[in-house]
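Worksheet: the structure to be examined is printed underneath.
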Protein chains: 2
Amino acid sequence: MSTSGRSDARTNHERLLVAARQAFTDSGGASLTAIAKRAGVGIGTLYRHFPTRESLIVALYRHDIQELIDLAPALLTSHPPLAALRGWFDEVARYGQLKYGVAEIIHAAAGGGLDDEYYTPFVHTIAQLLDAGVADGSLKPGVDPEDVLLQLGVLWRINPDNGGQARAARVLDLIVDGLLRR
Amino acid sequence: MSTSGRSDARTNHERLLVAARQAFTDSGGASLTAIAKRAGVGIGTLYRHFPTRESLIVALYRHDIQELIDLAPALLTSHPPLAALRGWFDEVARYGQLKYGVAEIIHAAAGGGLDDEYYTPFVHTIAQLLDAGVADGSLKPGVDPEDVLLQLGVLWRINPDNGGQARAARVLDLIVDGLLRR
DNA sequence: CAAGCTACCGGAGTGGGCTCCGTTTCGCAA
DNA sequence: TTGCGAAACGGAGCCCACTCCGGTAGCTTG
């Protein structure tokens, strides 16, 4: 993890994470300036440790993201590929609506960032699910997992309240149907 | 259109549109502050005429958007429903990559805005295309056109260069496949 | 033509994102 | 222990989106 470099850097890193977590749980979001102030460091320090807003959120939710990634193989052992895929999608949607920021990350990841820390594992996870479905004959071959990740990004745009859950489910239906073998 | 109210309001409206169009064609985008300055009006005036960035872009591209909307019925008379749907999607993608801002509008429309000026026509257009496909037996019934519009929003996220066109085509394939009758 | 009622104007003000660079401090090596 | 170079700090500064309100000038009515 972050056990290298100067000691002040390490403690500041820690303080920033604590402050950010507090800020997000207290009020569900805060300006980066406010987080830096709360952590008792300068804004420059925050940006040095977390160059983008996403990188900060990623650090906060690393655990949850890892859970999401680990879930896929688990689902694949306990369910047929298609059900695993759909179950995983549902879970992504659930995380996105529950935990502030997770969907935002997925969205950001899908958007532009190559070689980002979280992009590759996500693509890899989707690839696993797709491969299983192809092997099984339920999914069509040749689908680029990055394209699927991109599609999942729409979940981010759905307003959680006001029937957002149903809407997400419908959209996921459409996405999955697009992946089925025909 | 805008032929009511005070004369200064009308001319300012016009000046803002001209300035915005220049700014977008010159450099493919500009801050609202810069556009206001270019138009020789205060920033407050810009916001009064165009409360959101989208409303300004919409005003700029109203013509193109209308073309896009009008295209659907035309395609439906000259092509079978499925081809019309796909052709229209392609055109949306093309507009999105070509004309700055159009995809942004679609994205914004799909995102939050109810009763927005451009939202309803888009949904209506998609509904037409879907209905034709359902009648024809090529598309599955019961799909919410708003969900499809939401899905089209991903086109906005695709980087035009670096194989973006191919990517958009692949994603559209997936979306269309999700709509097919099975 | 005068005068007042509004609609409209303009930009100062607020707050957030992000950068840049002069200053500080850590920790290594002599 | 001391000196020094690199690493890290911190906040001033810039740009932007968006709001708010005191001032201004068009239109209408007499």
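Each chain in the structure tokens gets a letter, A, B, ..., in the order shown, and its residues are numbered from 1; ligands are numbered from 1 in order too.
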Residues of chain D were defined as contacting chain B if any atom lay at most 9 Å from it, counting only C-alpha atoms (C1' of nucleotides); please report them as a ChimeraX atom specification.
/D:16-19,26-27
Let me see the file: selected residues, N, CA and C atoms (P, O5', C5', C4', C3', O3' and C1' of nucleotides), as a compact mmCIF listing (two decimals), in the first residue's frame.
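Here's the written file selection36.txt:
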```
# COMPACT_ATOMS: atom_id res chain seq x y z
P DC D 16 -12.14 30.59 -18.56
O5' DC D 16 -13.34 29.86 -17.84
C5' DC D 16 -13.24 28.46 -17.55
C4' DC D 16 -14.33 28.08 -16.56
C3' DC D 16 -15.69 28.70 -16.92
O3' DC D 16 -16.61 27.68 -17.26
C1' DC D 16 -15.18 28.95 -14.59
P DA D 17 -18.00 28.05 -17.85
O5' DA D 17 -18.96 27.76 -16.62
C5' DA D 17 -18.97 26.47 -16.01
C4' DA D 17 -19.85 26.52 -14.78
C3' DA D 17 -21.26 27.00 -15.05
O3' DA D 17 -22.15 26.18 -14.31
C1' DA D 17 -20.24 28.39 -13.43
P DC D 18 -23.67 26.19 -14.67
O5' DC D 18 -24.24 27.27 -13.65
C5' DC D 18 -23.99 27.05 -12.25
C4' DC D 18 -24.32 28.32 -11.50
C3' DC D 18 -25.62 29.02 -11.92
O3' DC D 18 -26.53 28.94 -10.82
C1' DC D 18 -23.87 30.56 -11.49
P DT D 19 -27.86 29.80 -10.76
O5' DT D 19 -27.45 31.02 -9.81
C5' DT D 19 -26.81 30.76 -8.57
C4' DT D 19 -26.84 32.01 -7.68
C3' DT D 19 -28.19 32.73 -7.62
O3' DT D 19 -28.34 33.24 -6.29
C1' DT D 19 -26.57 34.21 -8.46
P DG D 26 -33.20 51.92 -24.87
O5' DG D 26 -33.89 50.54 -25.12
C5' DG D 26 -34.92 50.12 -25.88
C4' DG D 26 -36.14 49.63 -25.14
C3' DG D 26 -37.40 50.06 -25.89
O3' DG D 26 -38.19 48.91 -26.11
C1' DG D 26 -37.59 50.59 -23.59
P DC D 27 -39.05 48.90 -27.39
O5' DC D 27 -40.50 49.06 -26.77
C5' DC D 27 -40.93 48.17 -25.76
C4' DC D 27 -42.05 48.81 -24.95
C3' DC D 27 -43.22 49.34 -25.78
O3' DC D 27 -44.34 48.57 -25.41
C1' DC D 27 -42.59 50.85 -24.04
```
For Thr11 of chain A, find every residue with an atom within 12 Å (counting only C-alpha atoms (C1' of nucleotides)), except residues of its own chain fewer than 4 positions away, and show them as a PDB file with C-alpha atoms (C1' of nucleotides), in the first residue's frame.
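What follows is the written file part_19.pdb:
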```pdb
ATOM      1  CA  SER A   2       1.372   3.361   0.968  1.00  0.00           C
ATOM      2  CA  THR A   3       4.219   2.458   3.272  1.00  0.00           C
ATOM      3  CA  SER A   4       6.966   4.102   1.303  1.00  0.00           C
ATOM      4  CA  GLY A   5       8.291   7.625   1.067  1.00  0.00           C
ATOM      5  CA  ARG A   6       8.423  10.293   3.679  1.00  0.00           C
ATOM      6  CA  SER A   7       6.558  10.008   6.930  1.00  0.00           C
ATOM      7  CA  ARG A  15      -5.537  12.256   7.239  1.00  0.00           C
ATOM      8  CA  LEU A  16      -6.975  13.031   3.839  1.00  0.00           C
ATOM      9  CA  LEU A  17      -8.645   9.654   3.597  1.00  0.00           C
ATOM     10  CA  VAL A  18     -10.152  10.015   7.055  1.00  0.00           C
ATOM     11  CA  ALA A  39      -7.739  17.229   6.979  1.00  0.00           C
ATOM     12  CA  GLY A  40      -5.674  20.227   7.975  1.00  0.00           C
ATOM     13  CA  VAL A  41      -3.584  20.205   4.833  1.00  0.00           C
ATOM     14  CA  THR A  45      -1.316  18.418  -0.863  1.00  0.00           C
ATOM     15  CA  HIS A  49      -1.997  12.600  -3.232  1.00  0.00           C
TER      16      HIS A  49
ATOM     17  C1'  DA D   8       6.632  17.202   0.023  1.00  0.00           C
TER      18       DA D   8
END
```
Show me, as a PyMOL selection string, the residues of chain A whose atoms get within 10 Å of chain B, using only C-alpha atoms for the distance check.
chain A and resi 107-108+110-112+143-144+146-148+150-159+167-168+170-182
Straight-line distance linking atom CA of Ala20 of chain A with atom CA of Tyr61 of chain A, stated in Å to one decimal
11.0 Å
Counting only C-alpha atoms (C1' of nucleotides), closest pick from B:Lys37, B:Ala23, B:Ala30, B:Gly164 relative to chain C is B:Lys37
Could you give me, as a tab-separated table, a per-residue list for chain C showing, wherever an atom lies at most 7 Å from an atom of chain B, the closest pair of atoms and their distance in Å to one decimal, using only C-alpha atoms (C1' of nucleotides) and sorting by chain then residue number from low to high?
```
residue	atom	partner	partner_atom	distance
C:DC8	C1'	B:Ala9	CA	7.0
C:DC9	C1'	B:Thr45	CA	6.6
C:DG10	C1'	B:Gly42	CA	4.8
C:DG11	C1'	B:Gly42	CA	6.5
```
Output the selection as a JSON list (two decimals), in the first residue's frame - C-alpha atoms (C1' of nucleotides) for each residue.
```json
[["chain", "number", "residue", "atom", "x", "y", "z"],
["C", 8, "DC", "C1'", -34.09, 44.01, -18.77],
["C", 9, "DC", "C1'", -29.18, 44.92, -18.19],
["C", 10, "DG", "C1'", -24.58, 44.27, -16.27],
["C", 11, "DG", "C1'", -21.13, 42.88, -13.43]]
```
Would you list, as number ranges by chain, the residues of chain A that end up in helix (DSSP H, G or I) under DSSP run on this structure's backbone?
A: 7-27, 32-39, 43-49, 53-78, 81-98, 102-111, 119-136, 145-157, 164-179
